[in-house]
Every structure is written in structure tokens, then in C-alpha cells.
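What follows is data-v1.cif (mmCIF, C-alpha atoms).
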```cif
data_target
loop_
_atom_site.group_PDB
_atom_site.id
_atom_site.type_symbol
_atom_site.label_atom_id
_atom_site.label_comp_id
_atom_site.auth_asym_id
_atom_site.auth_seq_id
_atom_site.Cartn_x
_atom_site.Cartn_y
_atom_site.Cartn_z
ATOM 1 C CA MET F 1 61.712 118.902 102.354
ATOM 2 C CA LYS F 2 64.746 117.353 104.005
ATOM 3 C CA SER F 3 67.595 119.596 104.972
ATOM 4 C CA ASN F 4 71.049 118.968 103.558
ATOM 5 C CA THR F 5 72.558 120.175 106.807
ATOM 6 C CA VAL F 6 74.546 117.490 108.627
ATOM 7 C CA PRO F 7 72.648 116.522 111.808
ATOM 8 C CA PRO F 8 74.181 117.845 115.059
ATOM 9 C CA SER F 9 75.510 114.466 116.168
ATOM 10 C CA PHE F 10 77.627 114.229 113.015
ATOM 11 C CA ALA F 11 78.808 117.844 112.951
ATOM 12 C CA ALA F 12 82.074 117.061 114.763
ATOM 13 C CA LEU F 13 82.745 113.659 113.197
ATOM 14 C CA ARG F 14 85.821 114.772 111.324
ATOM 15 C CA PRO F 15 89.380 115.576 112.410
ATOM 16 C CA ARG F 16 90.343 119.135 113.280
ATOM 17 C CA PHE F 17 94.135 119.238 113.077
ATOM 18 C CA VAL F 18 95.404 116.159 111.177
ATOM 19 C CA PRO F 19 95.131 116.831 107.414
ATOM 20 C CA TYR F 20 93.771 114.245 105.025
ATOM 21 C CA TRP F 21 96.670 114.662 102.624
ATOM 22 C CA LEU F 22 98.985 112.924 105.102
ATOM 23 C CA LEU F 23 96.943 109.754 104.673
ATOM 24 C CA TRP F 24 96.821 110.227 100.906
ATOM 25 C CA LEU F 25 100.612 110.375 100.725
ATOM 26 C CA ALA F 26 100.999 107.432 103.085
ATOM 27 C CA LEU F 27 98.619 105.238 101.086
ATOM 28 C CA ALA F 28 100.348 106.219 97.850
ATOM 29 C CA GLY F 29 103.653 105.192 99.427
ATOM 30 C CA THR F 30 102.168 101.915 100.647
ATOM 31 C CA THR F 31 100.824 101.161 97.173
ATOM 32 C CA ALA F 32 104.292 101.833 95.732
ATOM 33 C CA ALA F 33 105.820 99.492 98.329
ATOM 34 C CA MET F 34 103.425 96.747 97.275
ATOM 35 C CA ILE F 35 104.355 97.287 93.618
ATOM 36 C CA TYR F 36 108.045 97.077 94.603
ATOM 37 C CA SER F 37 107.466 93.834 96.534
ATOM 38 C CA SER F 38 105.421 92.371 93.687
ATOM 39 C CA PHE F 39 107.552 93.123 90.631
ATOM 40 C CA ILE F 40 110.957 94.630 91.494
ATOM 41 C CA VAL F 41 111.932 92.403 94.427
ATOM 42 C CA PRO F 42 109.095 89.890 94.011
ATOM 43 C CA VAL F 43 108.207 88.361 97.354
ATOM 44 C CA ILE F 44 104.435 88.764 96.970
ATOM 45 C CA PRO F 45 103.321 86.028 94.540
ATOM 46 C CA ASP F 46 100.636 85.480 91.884
ATOM 47 C CA LEU F 47 97.160 86.754 92.802
ATOM 48 C CA ALA F 48 98.385 88.277 96.053
ATOM 49 C CA CYS F 49 100.072 90.983 93.940
ATOM 50 C CA LEU F 50 96.693 92.078 92.657
ATOM 51 C CA SER F 51 95.265 91.962 96.176
ATOM 52 C CA THR F 52 97.865 94.180 97.810
ATOM 53 C CA ILE F 53 98.175 96.727 95.012
ATOM 54 C CA GLY F 54 94.465 96.799 94.230
ATOM 55 C CA LEU F 55 93.309 97.058 97.838
ATOM 56 C CA ASP F 56 95.753 99.823 98.740
ATOM 57 C CA GLY F 57 94.780 101.636 95.547
ATOM 58 C CA LEU F 58 91.108 101.263 96.488
ATOM 59 C CA ALA F 59 91.809 102.632 99.971
ATOM 60 C CA LEU F 60 93.580 105.619 98.419
ATOM 61 C CA VAL F 61 90.674 106.372 96.074
ATOM 62 C CA ILE F 62 88.180 106.199 98.955
ATOM 63 C CA THR F 63 90.227 108.550 101.122
ATOM 64 C CA VAL F 64 90.563 111.079 98.299
ATOM 65 C CA VAL F 65 86.991 110.929 97.000
ATOM 66 C CA VAL F 66 84.862 110.026 100.024
ATOM 67 C CA MET F 67 86.713 111.081 103.171
ATOM 68 C CA PRO F 68 86.584 114.877 102.602
ATOM 69 C CA ARG F 69 82.802 114.627 102.096
ATOM 70 C CA ASN F 70 82.121 112.243 104.964
ATOM 71 C CA PHE F 71 84.912 111.280 107.303
ATOM 72 C CA VAL F 72 83.217 108.286 108.933
ATOM 73 C CA VAL F 73 82.362 106.530 105.680
ATOM 74 C CA GLY F 74 85.734 107.354 104.129
ATOM 75 C CA PHE F 75 87.667 106.251 107.205
ATOM 76 C CA LEU F 76 85.909 102.926 107.663
ATOM 77 C CA GLY F 77 85.586 102.260 103.929
ATOM 78 C CA SER F 78 89.306 102.721 103.330
ATOM 79 C CA LEU F 79 90.575 101.114 106.536
ATOM 80 C CA LEU F 80 89.285 97.628 105.721
ATOM 81 C CA PRO F 81 90.973 97.190 102.299
ATOM 82 C CA PHE F 82 94.135 98.762 103.693
ATOM 83 C CA VAL F 83 94.293 96.306 106.614
ATOM 84 C CA ILE F 84 93.665 93.366 104.257
ATOM 85 C CA SER F 85 96.578 94.442 102.074
ATOM 86 C CA TRP F 86 98.771 94.893 105.163
ATOM 87 C CA ARG F 87 97.948 91.354 106.291
ATOM 88 C CA VAL F 88 98.726 89.849 102.891
ATOM 89 C CA ALA F 89 102.067 91.686 102.823
ATOM 90 C CA ALA F 90 102.860 90.258 106.257
ATOM 91 C CA ILE F 91 101.933 86.728 105.186
ATOM 92 C CA HIS F 92 104.501 86.905 102.378
ATOM 93 C CA GLY F 93 107.185 88.751 104.335
ATOM 94 C CA SER F 94 107.208 92.024 102.400
ATOM 95 C CA VAL F 95 109.346 94.250 104.631
ATOM 96 C CA PRO F 96 108.698 97.447 102.601
ATOM 97 C CA GLY F 97 104.986 96.687 102.541
ATOM 98 C CA MET F 98 104.818 96.050 106.274
ATOM 99 C CA ALA F 99 106.919 99.118 107.123
ATOM 100 C CA CYS F 100 104.869 101.490 104.967
ATOM 101 C CA SER F 101 101.637 99.955 106.227
ATOM 102 C CA THR F 102 102.701 100.472 109.837
ATOM 103 C CA ALA F 103 103.408 104.157 109.181
ATOM 104 C CA THR F 104 100.096 104.523 107.370
ATOM 105 C CA PHE F 105 98.221 102.889 110.219
ATOM 106 C CA ILE F 106 99.673 105.417 112.664
ATOM 107 C CA ILE F 107 98.127 108.187 110.552
ATOM 108 C CA TYR F 108 94.780 106.373 110.668
ATOM 109 C CA LEU F 109 95.087 106.316 114.469
ATOM 110 C CA LEU F 110 95.911 110.029 114.573
ATOM 111 C CA LEU F 111 92.900 110.874 112.401
ATOM 112 C CA TYR F 112 90.626 108.787 114.612
ATOM 113 C CA ALA F 113 91.973 110.354 117.818
ATOM 114 C CA ASP F 114 91.638 113.857 116.359
ATOM 115 C CA CYS F 115 88.040 113.159 115.327
ATOM 116 C CA MET F 116 87.243 111.773 118.766
ATOM 117 C CA ALA F 117 88.759 114.773 120.546
ATOM 118 C CA ARG F 118 86.845 117.198 118.340
ATOM 119 C CA ASP F 119 83.587 115.385 119.010
ATOM 120 C CA TRP F 120 84.214 115.472 122.760
ATOM 121 C CA THR F 121 84.824 119.216 122.563
ATOM 122 C CA ALA F 122 81.593 119.757 120.645
ATOM 123 C CA HIS F 123 79.262 117.483 122.599
ATOM 124 C CA GLY F 124 80.870 116.543 125.891
ATOM 125 C CA ILE F 125 79.746 113.319 127.523
ATOM 126 C CA ASP F 126 75.962 113.817 127.373
ATOM 127 C CA GLY F 127 73.459 113.052 124.642
ATOM 128 C CA TRP F 128 75.228 110.104 123.029
ATOM 129 C CA ASN F 129 77.084 109.087 126.212
ATOM 130 C CA ASN F 130 80.060 110.119 124.172
ATOM 131 C CA HIS F 131 82.953 108.513 126.005
ATOM 132 C CA LEU F 132 81.192 105.148 125.966
ATOM 133 C CA GLN F 133 80.346 105.623 122.275
ATOM 134 C CA TRP F 134 83.993 106.002 121.349
ATOM 135 C CA GLN F 135 85.191 103.200 123.593
ATOM 136 C CA THR F 136 82.638 100.878 121.999
ATOM 137 C CA ALA F 137 83.722 101.983 118.525
ATOM 138 C CA ILE F 138 87.358 101.088 119.263
ATOM 139 C CA LEU F 139 86.393 97.627 120.502
ATOM 140 C CA ARG F 140 83.969 97.077 117.622
ATOM 141 C CA ILE F 141 86.479 98.035 114.947
ATOM 142 C CA TYR F 142 89.188 95.882 116.517
ATOM 143 C CA PHE F 143 87.062 92.759 116.915
ATOM 144 C CA GLY F 144 85.515 93.182 113.475
ATOM 145 C CA PHE F 145 88.817 93.688 111.710
ATOM 146 C CA ASP F 146 90.397 90.870 113.700
ATOM 147 C CA MET F 147 88.699 88.695 111.097
ATOM 148 C CA VAL F 148 91.089 90.058 108.471
ATOM 149 C CA GLY F 149 93.802 87.792 109.832
ATOM 150 C CA HIS F 150 91.559 84.812 109.088
ATOM 151 C CA PHE F 151 89.945 85.550 105.739
ATOM 152 C CA ALA F 152 92.949 87.230 104.096
ATOM 153 C CA GLU F 153 94.859 83.951 103.939
ATOM 154 C CA LYS F 154 91.790 82.224 102.495
ATOM 155 C CA LEU F 155 90.737 84.775 99.866
ATOM 156 C CA PHE F 156 93.502 87.308 99.160
ATOM 157 C CA ALA F 157 96.932 85.784 99.839
ATOM 158 C CA GLY F 158 97.372 83.846 96.618
ATOM 159 C CA ILE F 159 97.147 80.310 95.322
ATOM 160 C CA HIS F 160 99.667 78.687 97.675
ATOM 161 C CA SER F 161 97.958 80.127 100.734
ATOM 162 C CA PHE F 162 94.572 78.966 99.457
ATOM 163 C CA HIS F 163 95.811 75.417 98.914
ATOM 164 C CA HIS F 164 97.353 75.430 102.384
ATOM 165 C CA MET F 165 93.979 76.366 103.858
ATOM 166 C CA GLU F 166 92.368 73.590 101.792
ATOM 167 C CA HIS F 167 94.682 71.129 103.519
ATOM 168 C CA VAL F 168 93.849 72.614 106.935
ATOM 169 C CA PHE F 169 90.117 72.295 106.285
ATOM 170 C CA VAL F 170 90.530 68.670 105.199
ATOM 171 C CA GLY F 171 91.884 68.090 108.693
ATOM 172 C CA PHE F 172 88.623 69.517 110.033
ATOM 173 C CA GLY F 173 86.675 66.905 108.063
ATOM 174 C CA PHE F 174 85.721 68.954 104.990
ATOM 175 C CA PRO F 175 86.122 67.631 101.424
ATOM 176 C CA PRO F 176 89.266 68.708 99.525
ATOM 177 C CA ASP F 177 87.444 70.878 96.973
ATOM 178 C CA GLY F 178 88.147 74.279 98.547
ATOM 179 C CA GLN F 179 84.494 75.240 98.864
ATOM 180 C CA ALA F 180 84.624 75.303 102.673
ATOM 181 C CA VAL F 181 87.638 77.634 102.515
ATOM 182 C CA ILE F 182 85.775 80.066 100.274
ATOM 183 C CA ILE F 183 82.585 79.930 102.337
ATOM 184 C CA GLY F 184 84.515 80.403 105.572
ATOM 185 C CA GLY F 185 86.455 83.324 104.120
ATOM 186 C CA LEU F 186 83.313 85.022 102.849
ATOM 187 C CA CYS F 187 81.618 84.598 106.240
ATOM 188 C CA GLU F 188 84.617 86.182 107.962
ATOM 189 C CA LEU F 189 84.702 89.013 105.415
ATOM 190 C CA SER F 190 81.009 89.651 106.040
ATOM 191 C CA VAL F 191 81.604 89.896 109.787
ATOM 192 C CA ALA F 192 84.481 92.325 109.208
ATOM 193 C CA ILE F 193 82.201 94.552 107.138
ATOM 194 C CA GLY F 194 79.208 94.208 109.422
ATOM 195 C CA VAL F 195 80.924 94.595 112.792
ATOM 196 C CA GLY F 196 84.145 96.421 111.924
ATOM 197 C CA MET F 197 82.552 98.977 109.613
ATOM 198 C CA GLY F 198 79.285 98.958 111.539
ATOM 199 C CA PHE F 199 76.876 97.947 108.767
ATOM 200 C CA MET F 200 73.775 95.988 109.826
ATOM 201 C CA THR F 201 75.694 95.607 113.058
ATOM 202 C CA ARG F 202 73.182 93.719 115.170
ATOM 203 C CA LEU F 203 72.721 91.120 112.427
ATOM 204 C CA ALA F 204 76.475 90.886 111.896
ATOM 205 C CA GLY F 205 77.039 90.417 115.626
ATOM 206 C CA ILE F 206 74.669 87.457 115.702
ATOM 207 C CA GLY F 207 76.290 86.044 112.572
ATOM 208 C CA GLY F 208 79.790 86.437 114.001
ATOM 209 C CA ALA F 209 78.840 84.689 117.237
ATOM 210 C CA ALA F 210 77.219 81.833 115.305
ATOM 211 C CA TYR F 211 80.263 81.510 113.037
ATOM 212 C CA TYR F 212 82.644 81.137 115.973
ATOM 213 C CA LEU F 213 80.327 78.654 117.632
ATOM 214 C CA ILE F 214 80.518 76.517 114.487
ATOM 215 C CA ALA F 215 84.284 77.052 114.209
ATOM 216 C CA ASN F 216 84.709 75.955 117.830
ATOM 217 C CA HIS F 217 82.944 72.706 116.980
ATOM 218 C CA TYR F 218 84.921 71.903 113.829
ATOM 219 C CA GLY F 219 88.192 73.056 115.384
ATOM 220 C CA ARG F 220 87.651 70.586 118.259
ATOM 221 C CA HIS F 221 88.608 73.261 120.797
ATOM 222 C CA PHE F 222 86.085 72.291 123.451
ATOM 223 C CA GLY F 223 87.767 68.941 124.034
ATOM 224 C CA ASP F 224 91.055 70.662 124.895
ATOM 225 C CA GLY F 225 89.648 72.507 127.893
ATOM 226 C CA PHE F 226 89.452 76.239 128.434
ATOM 227 C CA THR F 227 92.932 77.763 128.094
ATOM 228 C CA TRP F 228 93.720 78.737 124.513
ATOM 229 C CA ASN F 229 97.287 77.338 124.486
ATOM 230 C CA ASN F 230 96.249 73.848 125.599
ATOM 231 C CA ALA F 231 97.488 71.109 123.274
ATOM 232 C CA PRO F 232 96.922 70.006 120.604
ATOM 233 C CA VAL F 233 94.692 72.646 118.946
ATOM 234 C CA GLY F 234 93.958 75.022 121.822
ATOM 235 C CA GLY F 235 91.032 75.263 124.196
ATOM 236 C CA TRP F 236 87.814 77.231 123.827
ATOM 237 C CA GLU F 237 89.010 80.434 125.531
ATOM 238 C CA TYR F 238 89.602 82.396 122.310
ATOM 239 C CA PRO F 239 86.446 81.226 120.475
ATOM 240 C CA MET F 240 84.349 82.075 123.527
ATOM 241 C CA LEU F 241 85.954 85.528 123.727
ATOM 242 C CA MET F 242 84.954 86.188 120.119
ATOM 243 C CA ILE F 243 81.446 84.774 120.623
ATOM 244 C CA VAL F 244 80.820 87.057 123.606
ATOM 245 C CA ALA F 245 82.294 90.094 121.834
ATOM 246 C CA PHE F 246 80.262 89.645 118.651
ATOM 247 C CA ALA F 247 77.082 88.793 120.534
ATOM 248 C CA SER F 248 77.477 91.976 122.600
ATOM 249 C CA PHE F 249 77.332 94.117 119.459
ATOM 250 C CA SER F 250 73.970 92.570 118.616
ATOM 251 C CA ILE F 251 72.436 94.203 121.708
ATOM 252 C CA ALA F 252 72.452 97.910 120.858
ATOM 253 C CA GLY F 253 74.254 98.201 117.523
ATOM 254 C CA ALA F 254 77.287 100.124 116.410
ATOM 255 C CA GLY F 255 76.805 103.699 117.586
ATOM 256 C CA LYS F 256 77.460 106.847 115.637
ATOM 257 C CA PHE F 257 80.976 106.100 114.302
ATOM 258 C CA SER F 258 79.615 103.553 111.847
ATOM 259 C CA ILE F 259 77.994 103.104 108.475
ATOM 260 C CA ASP F 260 74.710 102.406 110.269
ATOM 261 C CA GLY F 261 74.914 105.706 112.148
ATOM 262 C CA TRP F 262 75.530 107.658 108.951
ATOM 263 C CA LEU F 263 72.718 105.925 107.065
ATOM 264 C CA ILE F 264 70.250 106.478 109.893
ATOM 265 C CA ASP F 265 71.150 110.140 110.357
ATOM 266 C CA ARG F 266 70.761 110.768 106.642
ATOM 267 C CA GLY F 267 67.440 108.930 106.476
ATOM 268 C CA LEU F 268 68.844 106.467 103.932
ATOM 269 C CA LEU F 269 67.997 103.267 105.776
ATOM 270 C CA PRO F 270 64.533 101.728 105.227
ATOM 271 C CA GLY F 271 62.546 101.436 108.424
ATOM 272 C CA PHE F 272 62.206 97.650 108.225
ATOM 273 C CA LEU F 273 66.023 97.339 108.396
ATOM 274 C CA LEU F 274 66.413 99.494 111.509
ATOM 275 C CA PRO F 275 66.065 96.545 113.940
ATOM 276 C CA LEU F 276 69.104 94.964 112.269
ATOM 277 C CA CYS F 277 71.162 98.067 113.103
ATOM 278 C CA VAL F 278 69.938 99.563 116.383
ATOM 279 C CA SER F 279 67.860 98.294 119.279
ATOM 280 C CA ALA F 280 65.599 101.376 119.376
ATOM 281 C CA PRO F 281 64.749 104.313 117.126
ATOM 282 C CA PRO F 282 67.610 106.847 116.968
ATOM 283 C CA ASP F 283 67.521 109.814 119.320
ATOM 284 C CA HIS F 284 67.051 112.174 116.403
ATOM 285 C CA ALA F 285 65.739 111.823 112.887
ATOM 286 C CA PRO F 286 66.818 113.805 109.816
ATOM 287 C CA ARG F 287 65.322 117.242 110.118
ATOM 288 C CA ASP F 288 62.685 118.612 107.751
ATOM 289 C CA ILE F 289 62.323 122.237 106.761
#
```
Just give me the structure of the file as C-alpha cells.
Amino acid sequence: MKSNTVPPSFAALRPRFVPYWLLWLALAGTTAAMIYSSFIVPVIPDLACLSTIGLDGLALVITVVVMPRNFVVGFLGSLLPFVISWRVAAIHGSVPGMACSTATFIIYLLLYADCMARDWTAHGIDGWNNHLQWQTAILRIYFGFDMVGHFAEKLFAGIHSFHHMEHVFVGFGFPPDGQAVIIGGLCELSVAIGVGMGFMTRLAGIGGAAYYLIANHYGRHFGDGFTWNNAPVGGWEYPMLMIVAFASFSIAGAGKFSIDGWLIDRGLLPGFLLPLCVSAPPDHAPRDI
């Protein structure tokens, strides 16, 4: 039968020195700051209140329940809702929310760095080409979660923000019914989950590249030349950067600091889905005893 022992490549994927309770306290403080900015000094309006409070609360629950059992899943699963809430707070100018979120994010960085250092100590640079693995993870998480800045204002920032995006999309030639805003936001959210969290990463990389190719067309960036700050809407430099970045993650997949890596190591991913995650069978399979 299958062993419950964590495979060797995941043995060091947890921090050594930075305690989890620091993040728990920070997320609790961030949630309180969002409550303050929603109801006591209300600068976060309507549905955005539910977004900020609910997402930070969700991140807190994940860090308390999931992170001690599996650091990778807990880290990535809590980081995305936290970053969405942070972005919504910034959109509405919540100074307490932004300040607490900044402090919380520093703790996320410390946990990640501690985990990385522990893994280097345990495995060195061989086997998984460890240094490259961690460099790729940093780039993947950044580019994936870069989408938060785009879909948060469409889906989570409240009614006024949604109507503003409706008006923007009308300028792109879409009808004024808001459906394009919702579809665009859901596509961007999917890329954030797929690339940023590393779930079905190769598929998400292709999808992200295709999305930015379409966005480049509707945004009329190609006609403005290459440089991104060219008038009136900016050239195709930034869309091409995102297309290349997302397409690159469709080559080999996410690596071990990902949802894909955890699912594969635990034998939880059906074989027919493996090509959507990695370009070749993993170096090791779950061990049987």
C-alpha cells in the first residue's frame, strides 16, 4: 500500500525558524483593519467590504488549518486571497488596510525565504536543480499574481469599480452589459490560480498567453508601436512581456513549490492530466510499501 511518509523532495518544504503564528496574528490584524475601514471609518464601499474581510478571513483559516499540515498548499492557498484583499484596499485608499497588508506580506516573504533556505540545506543544488526551481517559483508566483491587479477591480472592488470597467470595455468595442468585464475577470482569476498557485500550470500558461494576445488586439496596443508608454494607450511591450512569460511556464510546468508538485508527489493527480502540469513524468513517484 502507499506510504504516508512525505516524499524526500517535499521533506524540507516548510520553514525552519519563522513560526506560523506570526502570520496568523498578522492576518488577524489585517482582517481587523479591513473591518475598521469598512464600518468604523468607512472608505471601503458596498460589496468590496465583503471582499476584503472575507478574503482575509479565508486566508487566515487556510494558514491555521492547512499550512501546518502542508506548507506549500497553505502558503499558496492563502496568499492569493490575501493579495486580492490587499489590492481592493489599495483601490479604495484604505491606509490601515494597506499598512497591515504590507506588514503581513513581509511575513509571507520571510516564510518563503526560510522554506527555500531549509530546502537548499537538505538537498543542495542537485536532483531538482534546486536553485533554478526556486528562481522559477518566484517568477511564476509574481507573474501569476500580477493578474490580481486586473481582475480585482472587475470582480472584487465593488459596484462603482465594476461600472467603471464596464465603461472601459465599451471603449474597447464591447456591449455595455458587463458580461465582457465578468468574463475577462474570470479569465484573469483562472490564470492567477493556474500560474501563480501552480495548478494545471502548462494549461494555464497557454491560456494566459492567449488571453494577453486577445487583450493586445482589443486594447489596440500594436498600433502604438513597441514601447509601453507610447500614446495614446501604450505599445505592445507589456502585453508581449506577459505573453512570453506565461508561454514559458507551459514548457515544463511549475516545479515542486506548487499545487501540481504536491498533487503529483502524493499520487492524487490522474495520469491523463499529467501533461497539463509537467512536460515529463516526475523524477519520483509516491512510494509503495
Do you know which residues the PyMOL selection byres ((chain F and resi 81) around 12) returns on this file, as a PyMOL selection string?
chain F and resi 27+31+51-63+74-80+82-88+101+145+148+152+156+189+192-193+196-197
Might you pull out every residue within 9 Å of Ala157 in chain F, with all atoms listed in the file counted and same-chain residues fewer than 3 positions away left off, and present them as a PyMOL selection string?
chain F and resi 44-49+51-52+85+87-89+91-92+152-154+160-162
Pairwise distance for CA of Val64 in chain F and CA of Cys115 in chain F, rounded to one decimal in Å:
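Separation between CA of Val64 in chain F and CA of Cys115 in chain F: 17.3 Å.
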Which one of F:His217, F:His150, F:His163, F:Arg14 sits closest to Arg118 in chain F if you count all atoms listed in the file?
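Of F:His217, F:His150, F:His163, F:Arg14, the one nearest Arg118 in chain F is F:Arg14, counting all atoms listed in the file.
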Just the residues within 7 Å of range 241-249 of chain F, please, counting all atoms listed in the file, with nothing from its chain fewer than 6 positions along; format it as a PDB file with C-alpha atoms, keeping the file's coordinate frame.
```
ATOM      1  CA  THR F 201      75.694  95.607 113.058  1.00  0.00           C
ATOM      2  CA  ARG F 202      73.182  93.719 115.170  1.00  0.00           C
ATOM      3  CA  GLY F 205      77.039  90.417 115.626  1.00  0.00           C
ATOM      4  CA  ILE F 206      74.669  87.457 115.702  1.00  0.00           C
ATOM      5  CA  GLY F 208      79.790  86.437 114.001  1.00  0.00           C
ATOM      6  CA  ALA F 209      78.840  84.689 117.237  1.00  0.00           C
ATOM      7  CA  TYR F 212      82.644  81.137 115.973  1.00  0.00           C
ATOM      8  CA  LEU F 213      80.327  78.654 117.632  1.00  0.00           C
TER       9      LEU F 213
END
```
Enumerate, as number ranges by chain, the residues matched when the PyMOL selection byres ((chain F and resi 37) around 9) is run on the file above.
F: 32-36, 38-44, 49, 89, 94-97
Residues around (70.0, 99.2, 118.7), cut-off 8 Å, counting all atoms listed in the file - what are they as number ranges by chain?
F: 202, 250-254, 275-281
If we count only C-alpha atoms and set the cut-off at 9 Å, which residues sit around range 229-237 of chain F, ignoring sequence neighbours fewer than 5 positions away in its own chain? Please answer as a ChimeraX atom specification.
/F:216,219-224,242
Same residues, C-alpha atoms, saved as a PDB file, keeping the file's coordinate frame:
```pdb
ATOM      1  CA  ASN F 216      84.709  75.955 117.830  1.00  0.00           C
ATOM      2  CA  GLY F 219      88.192  73.056 115.384  1.00  0.00           C
ATOM      3  CA  ARG F 220      87.651  70.586 118.259  1.00  0.00           C
ATOM      4  CA  HIS F 221      88.608  73.261 120.797  1.00  0.00           C
ATOM      5  CA  PHE F 222      86.085  72.291 123.451  1.00  0.00           C
ATOM      6  CA  GLY F 223      87.767  68.941 124.034  1.00  0.00           C
ATOM      7  CA  ASP F 224      91.055  70.662 124.895  1.00  0.00           C
ATOM      8  CA  MET F 242      84.954  86.188 120.119  1.00  0.00           C
TER       9      MET F 242
END
```
Mind pulling up the distance from CA of Cys100 in chain F to CA of Gly29 in chain F?
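Between CA of Gly29 in chain F and CA of Cys100 in chain F the gap is 6.8 Å.
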At what distance in Å, to one decimal, does CA of Leu111 in chain F lie from CA of Gln135 in chain F?
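For CA of Gln135 in chain F relative to CA of Leu111 in chain F, the distance reads 15.6 Å.
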So, with all atoms listed in the file as the atoms that count, which of F:Gly207, F:Pro19, F:Gly255, F:Pro270 lies closest to Tyr112 in chain F?
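For Tyr112 in chain F, the nearest of the given residues is F:Pro19.
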Around all the atoms of range 101-111 of chain F listed in the file, with 4 Å of room on each side, what axis-aligned box do you get, giving centre and edge lengths in Å to one decimal, as AutoDock Vina command-line options?
```
--center_x 98.2 --center_y 105.4 --center_z 110.4 --size_x 18.5 --size_y 18.9 --size_z 16.3
```
Counting only C-alpha atoms, what is within 10 Å of Gly261 in chain F, bar same-chain residues fewer than 3 positions away, as a ChimeraX atom specification?
/F:9-10,72-73,198-199,253-258,264-267,269,277-278,282
Skipping near chain neighbours, those fewer than 6 positions away, what residues fall within 9 Å of Asp114 in chain F using all atoms listed in the file, listed as a VMD selection string?
chain F and resid 14 to 18
Among listed residues F:Trp228, F:Ala28, F:Leu13, F:Pro239, nearest Ala103 in chain F (using all atoms listed in the file):
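Selected residue with least distance to Ala103 in chain F: F:Ala28.
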Nearest to Trp24 in chain F, chosen from F:Ala204, F:Leu263, F:Met67, F:Leu139, with only C-alpha atoms counted in the distances:
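Checking each of F:Ala204, F:Leu263, F:Met67, F:Leu139 against Trp24 in chain F, counting only C-alpha atoms, the winner is F:Met67.
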